[in-house]
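Q: Sharing work_7.tsv here; it has TSV, C-alpha atoms and all ligand atoms.
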```tsv
chain	number	residue	atom	x	y	z
A	26	MET	CA	0.00	0.00	0.00
A	27	SER	CA	1.15	3.51	-0.63
A	28	SER	CA	2.32	5.35	2.42
A	29	GLY	CA	0.08	8.08	3.76
A	30	THR	CA	0.77	11.61	4.86
A	31	LYS	CA	0.28	12.38	8.55
A	32	SER	CA	-2.98	14.20	7.89
A	33	ASN	CA	-4.65	11.19	6.31
A	34	ASP	CA	-3.16	8.60	8.60
A	35	VAL	CA	-5.78	7.10	10.90
A	36	GLU	CA	-3.21	5.20	12.98
A	37	SER	CA	-0.91	8.08	13.81
A	38	ASN	CA	-3.48	10.72	14.72
A	39	PRO	CA	-3.17	11.69	18.37
A	40	ALA	CA	-6.22	10.92	20.52
A	41	PRO	CA	-8.59	13.86	20.09
A	42	ASP	CA	-9.89	15.97	22.95
A	43	PRO	CA	-12.92	14.10	24.42
A	44	GLN	CA	-15.01	17.25	24.22
A	45	ALA	CA	-14.15	17.99	20.59
A	46	PRO	CA	-16.93	17.34	18.07
A	47	ILE	CA	-16.40	14.33	15.82
A	48	THR	CA	-14.98	15.57	12.55
A	49	ARG	CA	-13.74	13.99	9.36
A	50	LYS	CA	-10.15	14.89	10.20
A	51	GLY	CA	-7.96	11.89	9.71
A	52	PHE	CA	-10.40	9.97	7.54
A	53	LEU	CA	-10.27	9.41	3.86
A	54	ILE	CA	-13.92	9.64	3.07
A	55	SER	CA	-16.13	12.67	3.12
A	56	LEU	CA	-19.46	12.74	4.92
A	57	LYS	CA	-22.82	13.16	3.28
A	58	ASN	CA	-24.11	16.72	3.60
A	59	SER	CA	-20.71	17.98	4.61
A	60	GLY	CA	-20.16	20.07	1.49
A	61	THR	CA	-17.70	19.25	-1.26
A	62	PRO	CA	-16.16	15.80	-0.85
A	63	MET	CA	-12.54	15.91	0.25
A	64	PRO	CA	-10.27	15.31	-2.75
A	65	ILE	CA	-8.12	12.20	-2.32
A	66	PRO	CA	-4.63	12.60	-3.79
A	67	GLU	CA	-3.81	9.93	-6.39
A	68	GLN	CA	-0.71	8.58	-4.60
A	69	ASN	CA	-2.45	8.51	-1.24
A	70	VAL	CA	-5.66	6.71	-1.99
A	71	TYR	CA	-5.48	4.32	0.97
A	72	GLY	CA	-3.45	6.35	3.44
A	73	ARG	CA	-1.96	3.64	5.59
A	74	CYS	CA	-5.06	1.48	5.66
A	75	ARG	CA	-4.35	-2.06	4.49
A	76	PRO	CA	-6.60	-3.61	1.85
A	77	VAL	CA	-9.22	-6.08	3.03
A	78	SER	CA	-7.76	-8.61	0.58
A	79	GLU	CA	-5.04	-9.19	3.21
A	80	PHE	CA	-7.77	-10.90	5.27
A	81	GLU	CA	-9.28	-14.28	4.50
A	82	LYS	CA	-12.99	-14.25	5.40
A	83	LEU	CA	-13.85	-17.49	7.19
A	84	ASN	CA	-17.53	-17.11	8.03
A	85	ARG	CA	-20.20	-14.57	8.83
A	86	VAL	CA	-20.79	-14.25	12.58
A	87	GLY	CA	-23.30	-11.46	12.79
A	88	GLU	CA	-25.29	-8.95	10.95
A	89	GLY	CA	-26.78	-5.89	12.54
A	90	SER	CA	-28.46	-2.76	11.30
A	91	TYR	CA	-25.13	-1.10	10.55
A	92	GLY	CA	-22.93	-3.80	9.14
A	93	ILE	CA	-22.03	-7.41	8.56
A	94	VAL	CA	-19.45	-9.04	10.83
A	95	TYR	CA	-17.12	-11.81	9.64
A	96	ARG	CA	-14.66	-14.05	11.39
A	97	ALA	CA	-11.49	-13.71	9.37
A	98	ARG	CA	-7.81	-14.58	9.29
A	99	ASP	CA	-5.16	-11.92	8.96
A	100	THR	CA	-2.91	-13.46	6.30
A	101	ARG	CA	0.05	-11.39	7.51
A	102	ASN	CA	0.27	-13.15	10.88
A	103	GLY	CA	-2.43	-15.85	10.85
A	104	GLU	CA	-4.40	-14.21	13.67
A	105	ILE	CA	-8.16	-14.62	13.85
A	106	VAL	CA	-10.02	-11.30	13.90
A	107	ALA	CA	-13.53	-9.92	13.52
A	108	LEU	CA	-14.08	-7.86	10.37
A	109	LYS	CA	-17.06	-5.54	10.50
A	110	ARG	CA	-18.11	-4.20	7.16
A	111	VAL	CA	-19.57	-0.75	7.51
A	112	ARG	CA	-22.87	-0.65	5.70
A	113	MET	CA	-22.83	2.02	3.00
A	114	ASP	CA	-26.20	1.36	1.27
A	115	GLN	CA	-27.82	4.62	2.21
A	116	GLU	CA	-24.79	6.77	1.62
A	117	LYS	CA	-24.21	8.25	-1.82
A	118	ASP	CA	-21.05	10.14	-1.10
A	119	GLY	CA	-19.45	9.15	2.13
A	120	LEU	CA	-19.03	6.97	5.15
A	121	PRO	CA	-22.12	6.81	7.38
A	122	VAL	CA	-21.91	8.84	10.55
A	123	SER	CA	-22.43	5.67	12.63
A	124	GLY	CA	-19.29	4.15	11.10
A	125	LEU	CA	-17.26	7.28	11.68
A	126	ARG	CA	-18.41	7.56	15.27
A	127	GLU	CA	-17.66	3.94	15.95
A	128	ILE	CA	-14.11	4.35	14.64
A	129	MET	CA	-13.46	7.61	16.48
A	130	ILE	CA	-14.79	6.33	19.78
A	131	LEU	CA	-13.20	2.88	19.63
A	132	LYS	CA	-9.84	4.48	18.80
A	133	ARG	CA	-9.92	6.33	22.09
A	134	CYS	CA	-11.06	3.36	24.19
A	135	GLN	CA	-8.39	1.05	25.51
A	136	HIS	CA	-9.90	-1.16	28.13
A	137	GLU	CA	-9.91	-4.87	28.77
A	138	ASN	CA	-13.72	-4.91	28.70
A	139	ILE	CA	-14.18	-2.92	25.50
A	140	VAL	CA	-13.69	-4.60	22.15
A	141	ARG	CA	-10.35	-3.57	20.66
A	142	LEU	CA	-10.31	-1.91	17.29
A	143	ARG	CA	-7.07	-3.05	15.71
A	144	GLU	CA	-7.25	-1.07	12.50
A	145	VAL	CA	-9.47	0.10	9.69
A	146	VAL	CA	-9.03	-1.54	6.29
A	147	VAL	CA	-10.49	-0.68	2.92
A	148	GLY	CA	-12.08	-2.61	0.09
A	149	LYS	CA	-10.90	-2.36	-3.51
A	150	SER	CA	-12.72	0.88	-4.00
A	151	LEU	CA	-13.24	3.38	-1.23
A	152	ASP	CA	-16.89	2.45	-1.03
A	153	SER	CA	-16.24	-0.31	1.47
A	154	ILE	CA	-14.64	0.07	4.86
A	155	PHE	CA	-14.02	-2.62	7.46
A	156	LEU	CA	-13.22	-2.39	11.13
A	157	VAL	CA	-10.73	-5.04	12.24
A	158	MET	CA	-11.40	-6.01	15.85
A	159	ASP	CA	-10.26	-8.67	18.28
A	160	PHE	CA	-12.44	-11.71	17.74
A	161	CYS	CA	-14.72	-12.81	20.59
A	162	GLU	CA	-16.16	-16.32	20.54
A	163	GLN	CA	-19.67	-15.51	21.79
A	164	ASP	CA	-22.18	-12.75	22.25
A	165	LEU	CA	-24.44	-12.92	25.27
A	166	ALA	CA	-27.65	-12.89	23.21
A	167	SER	CA	-26.72	-16.16	21.47
A	168	VAL	CA	-25.46	-17.60	24.74
A	169	LEU	CA	-28.78	-16.81	26.46
A	170	ASP	CA	-30.72	-18.20	23.51
A	171	ASN	CA	-28.86	-21.48	23.73
A	172	MET	CA	-28.85	-21.95	27.50
A	173	SER	CA	-31.26	-24.42	29.09
A	174	LYS	CA	-31.17	-22.60	32.45
A	175	PRO	CA	-30.17	-19.05	33.43
A	176	PHE	CA	-26.69	-18.10	34.59
A	177	THR	CA	-25.98	-18.63	38.30
A	178	GLU	CA	-25.79	-15.50	40.42
A	179	SER	CA	-21.98	-15.88	40.67
A	180	GLU	CA	-21.77	-15.91	36.88
A	181	VAL	CA	-24.11	-12.92	36.59
A	182	LYS	CA	-21.91	-10.99	39.01
A	183	CYS	CA	-18.80	-11.95	37.06
A	184	ILE	CA	-20.33	-10.70	33.80
A	185	THR	CA	-21.93	-7.54	35.14
A	186	LEU	CA	-18.84	-6.42	37.08
A	187	GLN	CA	-16.91	-6.49	33.82
A	188	VAL	CA	-19.61	-4.48	32.04
A	189	LEU	CA	-19.60	-1.96	34.89
A	190	ARG	CA	-15.83	-1.53	34.59
A	191	ALA	CA	-16.24	-0.76	30.90
A	192	LEU	CA	-19.07	1.68	31.63
A	193	LYS	CA	-17.11	3.45	34.34
A	194	TYR	CA	-14.22	3.86	31.90
A	195	MET	CA	-16.41	5.14	29.05
A	196	HIS	CA	-18.50	7.47	31.17
A	197	ALA	CA	-15.38	9.02	32.71
A	198	ARG	CA	-14.39	9.86	29.11
A	199	TYR	CA	-17.76	11.43	28.30
A	200	ILE	CA	-18.74	8.53	26.07
A	201	ILE	CA	-22.35	7.31	26.15
A	202	HIS	CA	-22.80	3.97	24.43
A	203	ARG	CA	-26.54	4.41	23.75
A	204	ASP	CA	-27.12	0.85	22.52
A	205	LEU	CA	-26.28	-1.47	25.37
A	206	LYS	CA	-28.04	-4.83	25.05
A	207	VAL	CA	-27.06	-8.47	25.40
A	208	SER	CA	-26.16	-8.85	21.72
A	209	ASN	CA	-23.61	-6.05	22.12
A	210	LEU	CA	-21.85	-7.80	24.98
A	211	LEU	CA	-19.26	-10.20	23.61
A	212	MET	CA	-17.48	-12.93	25.55
A	213	THR	CA	-14.14	-14.55	24.85
A	214	ASP	CA	-13.54	-18.22	25.58
A	215	LYS	CA	-11.69	-17.06	28.71
A	216	GLY	CA	-14.87	-15.47	30.09
A	217	CYS	CA	-13.74	-11.92	29.36
A	218	ILE	CA	-16.66	-9.64	28.52
A	219	LYS	CA	-16.18	-6.93	25.89
A	220	VAL	CA	-18.66	-4.17	25.20
A	221	ALA	CA	-19.06	-3.81	21.42
A	222	ASP	CA	-20.97	-1.88	18.77
A	223	PHE	CA	-20.26	1.80	19.28
A	224	GLY	CA	-22.21	2.79	16.15
A	225	LEU	CA	-24.67	4.85	18.18
A	226	ALA	CA	-22.21	6.02	20.81
A	227	ARG	CA	-21.78	9.75	21.37
A	228	LEU	CA	-19.53	12.08	23.26
A	229	TYR	CA	-21.47	14.31	25.55
A	230	GLY	CA	-20.54	17.62	27.09
A	231	LYS	CA	-21.82	20.03	29.67
A	232	PRO	CA	-24.23	21.64	29.01
A	233	ALA	CA	-25.69	18.61	27.26
A	234	LYS	CA	-26.55	19.13	23.59
A	235	PRO	CA	-29.81	17.85	22.09
A	236	MET	CA	-29.62	14.27	20.78
A	237	THR	CA	-32.07	12.06	18.93
A	238	PRO	CA	-34.27	10.33	21.53
A	239	GLN	CA	-35.02	7.27	19.34
A	240	MET	CA	-31.74	5.64	20.26
A	241	VAL	CA	-31.17	2.44	22.22
A	242	THR	CA	-33.05	-0.72	21.29
A	243	LEU	CA	-36.59	-0.43	22.66
A	244	TRP	CA	-36.33	-3.11	25.38
A	245	TYR	CA	-33.37	-1.34	26.98
A	246	ARG	CA	-34.55	2.23	26.42
A	247	ALA	CA	-34.70	4.53	29.45
A	248	PRO	CA	-37.99	6.32	30.27
A	249	GLU	CA	-36.51	9.77	29.58
A	250	LEU	CA	-35.79	8.65	25.98
A	251	LEU	CA	-39.24	7.10	25.59
A	252	LEU	CA	-40.76	10.36	26.80
A	253	GLY	CA	-38.79	12.39	24.28
A	254	ALA	CA	-36.15	14.12	26.45
A	255	ARG	CA	-33.85	16.02	24.09
A	256	THR	CA	-30.79	15.83	26.27
A	257	HIS	CA	-29.51	12.63	27.73
A	258	THR	CA	-26.67	11.47	29.83
A	259	THR	CA	-24.76	8.39	30.83
A	260	ALA	CA	-27.87	7.47	32.88
A	261	VAL	CA	-29.41	5.99	29.68
A	262	ASP	CA	-26.64	3.36	29.69
A	263	MET	CA	-27.31	2.64	33.37
A	264	TRP	CA	-30.99	1.95	32.70
A	265	ALA	CA	-29.98	-0.41	29.88
A	266	PHE	CA	-27.47	-2.01	32.24
A	267	GLY	CA	-30.29	-2.61	34.76
A	268	CYS	CA	-32.31	-4.34	32.01
A	269	ILE	CA	-29.28	-6.51	31.18
A	270	LEU	CA	-28.77	-7.44	34.86
A	271	GLY	CA	-32.44	-8.43	35.09
A	272	GLU	CA	-32.21	-10.44	31.86
A	273	LEU	CA	-29.11	-12.32	32.98
A	274	LEU	CA	-30.69	-13.19	36.33
A	275	THR	CA	-33.92	-14.53	34.87
A	276	GLY	CA	-32.71	-15.68	31.44
A	277	LYS	CA	-35.50	-13.64	29.81
A	278	PRO	CA	-35.68	-10.07	28.53
A	279	LEU	CA	-36.96	-7.91	31.37
A	280	LEU	CA	-39.07	-5.38	29.48
A	281	PRO	CA	-39.78	-6.74	25.98
A	282	GLY	CA	-42.16	-4.06	24.72
A	283	ASN	CA	-43.22	-4.08	21.07
A	284	SER	CA	-43.95	-0.36	20.76
A	285	GLU	CA	-42.93	2.75	22.65
A	286	ILE	CA	-46.23	2.97	24.48
A	287	ALA	CA	-46.18	-0.77	25.32
A	288	GLN	CA	-42.63	-0.27	26.61
A	289	LEU	CA	-43.73	2.55	28.90
A	290	ASP	CA	-46.66	0.44	30.13
A	291	MET	CA	-44.31	-2.43	30.98
A	292	ILE	CA	-42.00	-0.09	32.87
A	293	ILE	CA	-44.92	1.33	34.86
A	294	ASP	CA	-46.33	-2.15	35.56
A	295	LEU	CA	-43.01	-3.14	37.10
A	296	PHE	CA	-41.89	0.04	38.86
A	297	GLY	CA	-45.08	2.08	39.33
A	298	ALA	CA	-45.87	5.38	37.61
A	299	PRO	CA	-43.40	8.27	37.69
A	300	SER	CA	-44.43	11.60	39.19
A	301	GLU	CA	-43.16	15.15	39.39
A	302	SER	CA	-42.15	14.62	43.02
A	303	ILE	CA	-39.80	11.67	42.33
A	304	TRP	CA	-38.69	13.05	38.95
A	305	PRO	CA	-38.61	16.85	38.87
A	306	GLY	CA	-39.22	18.13	35.32
A	307	TYR	CA	-41.09	14.97	34.34
A	308	LEU	CA	-44.33	16.78	33.53
A	309	GLU	CA	-42.54	18.92	30.94
A	310	LEU	CA	-41.29	15.96	28.89
A	311	PRO	CA	-42.47	16.31	25.25
A	312	ALA	CA	-44.24	12.94	24.88
A	313	LEU	CA	-46.43	13.60	27.92
A	314	GLN	CA	-48.17	16.35	25.99
A	315	ASN	CA	-49.58	13.67	23.64
A	316	PHE	CA	-50.76	10.92	25.96
A	317	THR	CA	-51.57	10.06	29.55
A	318	LEU	CA	-49.68	7.27	31.27
A	319	SER	CA	-51.26	4.61	33.44
A	320	GLN	CA	-51.23	5.43	37.16
A	321	GLN	CA	-50.26	2.02	38.58
A	322	PRO	CA	-48.77	3.02	41.97
A	323	TYR	CA	-46.78	-0.08	43.10
A	324	ASN	CA	-43.17	-1.15	42.69
A	325	ASN	CA	-43.40	-4.87	41.82
A	326	LEU	CA	-39.69	-5.58	41.56
A	327	LYS	CA	-39.72	-7.71	44.71
A	328	THR	CA	-42.34	-10.05	43.23
A	329	LYS	CA	-40.49	-10.32	39.94
A	330	PHE	CA	-37.09	-11.03	41.56
A	331	GLN	CA	-38.09	-13.27	44.47
A	332	MET	CA	-34.88	-15.27	44.14
A	333	LEU	CA	-32.78	-12.16	44.68
A	334	GLY	CA	-31.59	-10.96	48.10
A	335	GLN	CA	-32.13	-7.50	49.54
A	336	ALA	CA	-28.82	-6.09	48.20
A	337	GLY	CA	-29.57	-7.26	44.65
A	338	ARG	CA	-33.07	-5.80	44.69
A	339	SER	CA	-31.83	-2.53	46.10
A	340	LEU	CA	-29.19	-2.35	43.32
A	341	LEU	CA	-31.88	-2.93	40.68
A	342	ASN	CA	-34.05	-0.23	42.25
A	343	LEU	CA	-31.14	2.24	42.06
A	344	LEU	CA	-30.62	1.40	38.39
A	345	PHE	CA	-34.31	1.89	37.62
A	346	LEU	CA	-34.75	5.26	39.30
A	347	TYR	CA	-36.90	7.38	37.01
A	348	ASN	CA	-34.94	10.55	37.67
A	349	PRO	CA	-31.79	10.16	35.50
A	350	SER	CA	-29.79	12.44	37.77
A	351	THR	CA	-30.27	10.19	40.81
A	352	ARG	CA	-29.97	6.86	38.97
A	353	ALA	CA	-26.92	4.81	40.08
A	354	THR	CA	-23.68	5.47	38.19
A	355	ALA	CA	-21.29	2.71	37.11
A	356	ALA	CA	-18.76	3.80	39.74
A	357	GLU	CA	-21.42	3.62	42.47
A	358	CYS	CA	-22.59	0.18	41.33
A	359	LEU	CA	-19.05	-1.16	41.46
A	360	ASN	CA	-19.00	-0.34	45.18
A	361	ASN	CA	-22.44	-1.81	45.79
A	362	LYS	CA	-22.80	-4.39	48.53
A	363	TYR	CA	-24.39	-6.81	46.06
A	364	PHE	CA	-20.98	-7.59	44.55
A	365	THR	CA	-19.27	-8.35	47.86
A	366	GLU	CA	-21.95	-10.40	49.59
A	367	PRO	CA	-22.27	-14.14	48.84
A	368	PRO	CA	-22.43	-15.69	46.35
A	369	GLN	CA	-19.13	-14.18	45.25
A	370	PRO	CA	-18.56	-13.40	41.55
A	371	CYS	CA	-16.88	-16.34	39.86
A	372	ASP	CA	-13.49	-16.04	38.19
A	373	PRO	CA	-14.00	-15.25	34.48
A	374	ARG	CA	-11.99	-18.37	33.59
A	375	MET	CA	-14.61	-20.43	35.45
A	376	MET	CA	-17.43	-19.18	33.23
A	377	PRO	CA	-19.17	-22.04	31.44
A	378	THR	CA	-18.08	-22.68	27.88
A	379	PHE	CA	-20.56	-22.79	25.06
A	380	PRO	CA	-20.53	-24.55	21.70
A	381	GLN	CA	-18.95	-22.34	19.09
A	382	HIS	CA	-21.03	-23.24	16.05
A	383	ARG	CA	-20.20	-20.04	14.29
A	384	ASN	CA	-16.46	-20.61	14.43
A	385	ASN	CA	-16.30	-23.51	12.04
A	386	VAL	CA	-14.88	-22.71	8.66
A	387	ALA	CA	-17.44	-23.46	5.97
A	388	PRO	CA	-16.47	-26.71	4.20
A	389	PRO	CA	-15.57	-26.54	0.52
A	390	PRO	CA	-18.68	-26.49	-1.71
A	391	ALA	CA	-18.43	-30.16	-2.81
A	392	GLN	CA	-18.75	-31.33	0.81
A	393	GLN	CA	-21.50	-28.93	1.77
A	394	PRO	CA	-24.72	-30.62	2.90
A	395	THR	CA	-27.66	-30.02	0.61
A	396	GLU	CA	-29.91	-29.21	3.53
A	397	ILE	CA	-29.27	-26.60	6.19
A	398	PRO	CA	-29.60	-28.23	9.63
A	399	ILE	CA	-32.81	-27.19	11.39
A	400	SER	CA	-30.81	-26.25	14.52
A	401	HIS	CA	-28.93	-23.68	12.46
A	402	LEU	CA	-32.15	-22.22	11.05
A	403	LEU	CA	-33.54	-21.96	14.57
A	404	ASP	CA	-30.38	-20.20	15.74
A	405	VAL	CA	-30.67	-17.68	12.96
A	406	PHE	CA	-34.35	-17.15	13.59
A	407	ILE	CA	-33.95	-16.61	17.35
A	408	LYS	CA	-30.97	-14.33	16.80
A	409	ARG	CA	-32.88	-12.22	14.25
A	410	GLN	CA	-35.73	-11.78	16.74
A	411	ARG	CA	-33.27	-10.55	19.32
A	412	LEU	CA	-31.72	-8.08	16.90
A	413	GLU	CA	-35.26	-6.83	16.21
B	501	LIG	N1	-15.40	-8.43	17.70
B	501	LIG	C1	-16.33	-9.35	17.47
B	501	LIG	N2	-16.07	-10.66	17.63
B	501	LIG	C2	-17.02	-11.59	17.39
B	501	LIG	N3	-18.28	-11.34	17.01
B	501	LIG	C3	-18.61	-10.04	16.84
B	501	LIG	C4	-17.66	-8.98	17.04
B	501	LIG	N4	-18.29	-7.81	16.80
B	501	LIG	C5	-19.55	-8.12	16.47
B	501	LIG	N5	-19.76	-9.45	16.48
B	501	LIG	C6	-21.02	-10.18	16.17
B	501	LIG	O1	-21.76	-9.45	15.22
B	501	LIG	C7	-23.02	-9.03	15.78
B	501	LIG	C8	-23.39	-7.67	15.23
B	501	LIG	O2	-22.33	-6.77	15.51
B	501	LIG	P1	-22.58	-5.23	15.86
B	501	LIG	O3	-23.54	-5.19	17.00
B	501	LIG	O4	-21.28	-4.55	16.04
B	501	LIG	O5	-23.28	-4.75	14.50
B	501	LIG	P2	-24.41	-3.68	14.31
B	501	LIG	O6	-24.73	-3.66	12.87
B	501	LIG	O7	-23.94	-2.38	14.88
B	501	LIG	O8	-25.59	-4.31	15.15
B	501	LIG	P3	-26.91	-3.65	15.78
B	501	LIG	O9	-28.02	-3.93	14.83
B	501	LIG	O10	-27.04	-4.43	17.07
B	501	LIG	O11	-26.67	-2.21	16.03
B	501	LIG	C9	-22.83	-9.08	17.29
B	501	LIG	O12	-24.04	-9.30	18.00
B	501	LIG	C10	-21.87	-10.27	17.42
B	501	LIG	O13	-22.60	-11.49	17.36
```
Could you rewrite the structure in this file as structure tokens?
A:
Amino acid sequence: MSSGTKSNDVESNPAPDPQAPITRKGFLISLKNSGTPMPIPEQNVYGRCRPVSEFEKLNRVGEGSYGIVYRARDTRNGEIVALKRVRMDQEKDGLPVSGLREIMILKRCQHENIVRLREVVVGKSLDSIFLVMDFCEQDLASVLDNMSKPFTESEVKCITLQVLRALKYMHARYIIHRDLKVSNLLMTDKGCIKVADFGLARLYGKPAKPMTPQMVTLWYRAPELLLGARTHTTAVDMWAFGCILGELLTGKPLLPGNSEIAQLDMIIDLFGAPSESIWPGYLELPALQNFTLSQQPYNNLKTKFQMLGQAGRSLLNLLFLYNPSTRATAAECLNNKYFTEPPQPCDPRMMPTFPQHRNNVAPPPAQQPTEIPISHLLDVFIKRQRLE
């Protein structure tokens, strides 16, 4: 590949100021609606990005709204990596904002519990871009779908402590993930959890700037987003984290609404209705001008989580506080009694192992079975449902 100048070199750019807006600086491709596309000098077409042809795609491991993810081998050193193709369908003249954000934010995150972006590589023409990440053997959505019984409490603590460490790290750097859910929590075969998919992540500042409320997959969406708050904070991730904790404990999604109003109803059924006294400013939220919420007055968390001790229930209640400014932070949760009282979190290396169906290299065509096994079809079907 031709060598790049400093200005176009993704790898050698210093980490930007966390408060600085995301810009195109350092990237080869111009953004839609950003004016005239940036001219790319002939001798510098790829900067220092390697071509994707240096990777051998082994199999597809996931497909989300923003891209397809492959398990691949880096032919330069034989290492197995994840290659996420950034979806460009909707973009006529540039890289989608979600792709740019994911790259910018992952580049500044170096944490054991956050998926590592190794590099960005390009397809033959600049219309395809791939993120090269460390490969993780499982995601928690597929693990949950294939488990016959829920995780033990020790395993749940082991997983959630790792997620909290990642959240504490991100939030201290003004990064809000905005799409936390079980399918975005990856697990290595050593039980190490990695938060992935930063396509919707944003940097936030003070004062908070308006953001689109329709972020975060519905089941994990905080009430302030459902009610149309224009500014949001790291508290949206903490609500989603509460939903994940509940899901891991029971093995089932906690609040699986199928519309925004159904989602709000489910929240109110479980936690009781919000009010101006517990959530100052609540009555001014935009969506409340259009409809009236049910007035169910009781918190039913204790009934739902009968198997959980007092400390666990109190942690869940702190995560599901309606008022985002009093909701528990990741740092506070890490010091919560729940994680020190028995049962103790298990060692990540003691986490159960799961079959790795997706890691098998597809056999050559002549040996391929003519029928797709029904178990595989079921896997795909269940996974699709989870990804909405
Ligand atoms: N580094 C990785 N290692 C292994 N598998 C991965 C990796 N990154 C992603 N995946 C798999 O691909 C799936 C989709 O990835 P990702 O969530 O990043 O894509 P997306 O298009 O942003 O998805 P979404 O629709 O959830 O926003 C994940 O649920 C996971 O199964």
Q: Return as lines of an AutoDock Vina configuration file the centre and edge lengths, in Å with one decimal, of the box along x, y and z that encloses every atom of ligand LIG 501 (chain B) in the file, padded by 3 Å per side.
A:
```
center_x = -21.7
center_y = -6.9
center_z = 15.4
size_x = 18.6
size_y = 15.4
size_z = 11.1
```
Q: Have a look at A:Ala355, A:Ala197, A:Val122, A:Leu142 and name the one nearest to ligand LIG 501 (chain B); count only C-alpha atoms and all ligand atoms.
A: A:Leu142
Q: Can you work out which residues are within 7 Å of ligand LIG 501 (chain B), considering all atoms listed in the file, and then hand them over as a VMD selection string?
A: chain A and resid 86 to 94 96 107 109 140 158 to 164 208 to 209 211 221 to 222 224 412
Q: Report, in Å to a single decimal, how far apart CA of Met375 (chain A) and CA of Lys215 (chain A) are.
A: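 Distance between the two atoms: 8.1 Å.
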Q: Which residue gives the smallest distance to Ile269 (chain A) among A:Ile293, A:Met113, A:Ile200, A:Leu169, with all atoms listed in the file counted?
A: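 Closest candidate: A:Leu169.
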Q: Using Å and a single decimal, report how far CA of Leu289 (chain A) sits from CA of Leu326 (chain A).
A: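 Atom-to-atom, CA of Leu326 (chain A) to CA of Leu289 (chain A), that is 15.6 Å.
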Q: One decimal, Å: what's the distance from CA of Tyr307 (chain A) over to CA of Gly271 (chain A), could you say?
A: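 Calculated distance between CA of Tyr307 (chain A) and CA of Gly271 (chain A) is 25.0 Å.
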Q: Measuring between all atoms listed in the file, which one of A:Ser284, A:Ser300, A:Thr365, A:Gln187 shows the shortest distance to Gly337 (chain A)?
A: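 Using all atoms listed in the file, the shortest distance to Gly337 (chain A) belongs to A:Thr365.
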Q: Looking at all atoms listed in the file, which of A:Lys277, A:Arg227, A:Ala312, A:Glu178 is the one that sits closest to Gly334 (chain A)?
A: A:Glu178
Q: List every protein, DNA or RNA residue that has an atom no more than 12 Å from (-28.5, -20.9, 25.2) in the file's coordinate frame, counting all atoms listed in the file, and report them as a PyMOL selection string.
A: chain A and resi 163-176+273+276-277+377-381+403-404+407-408
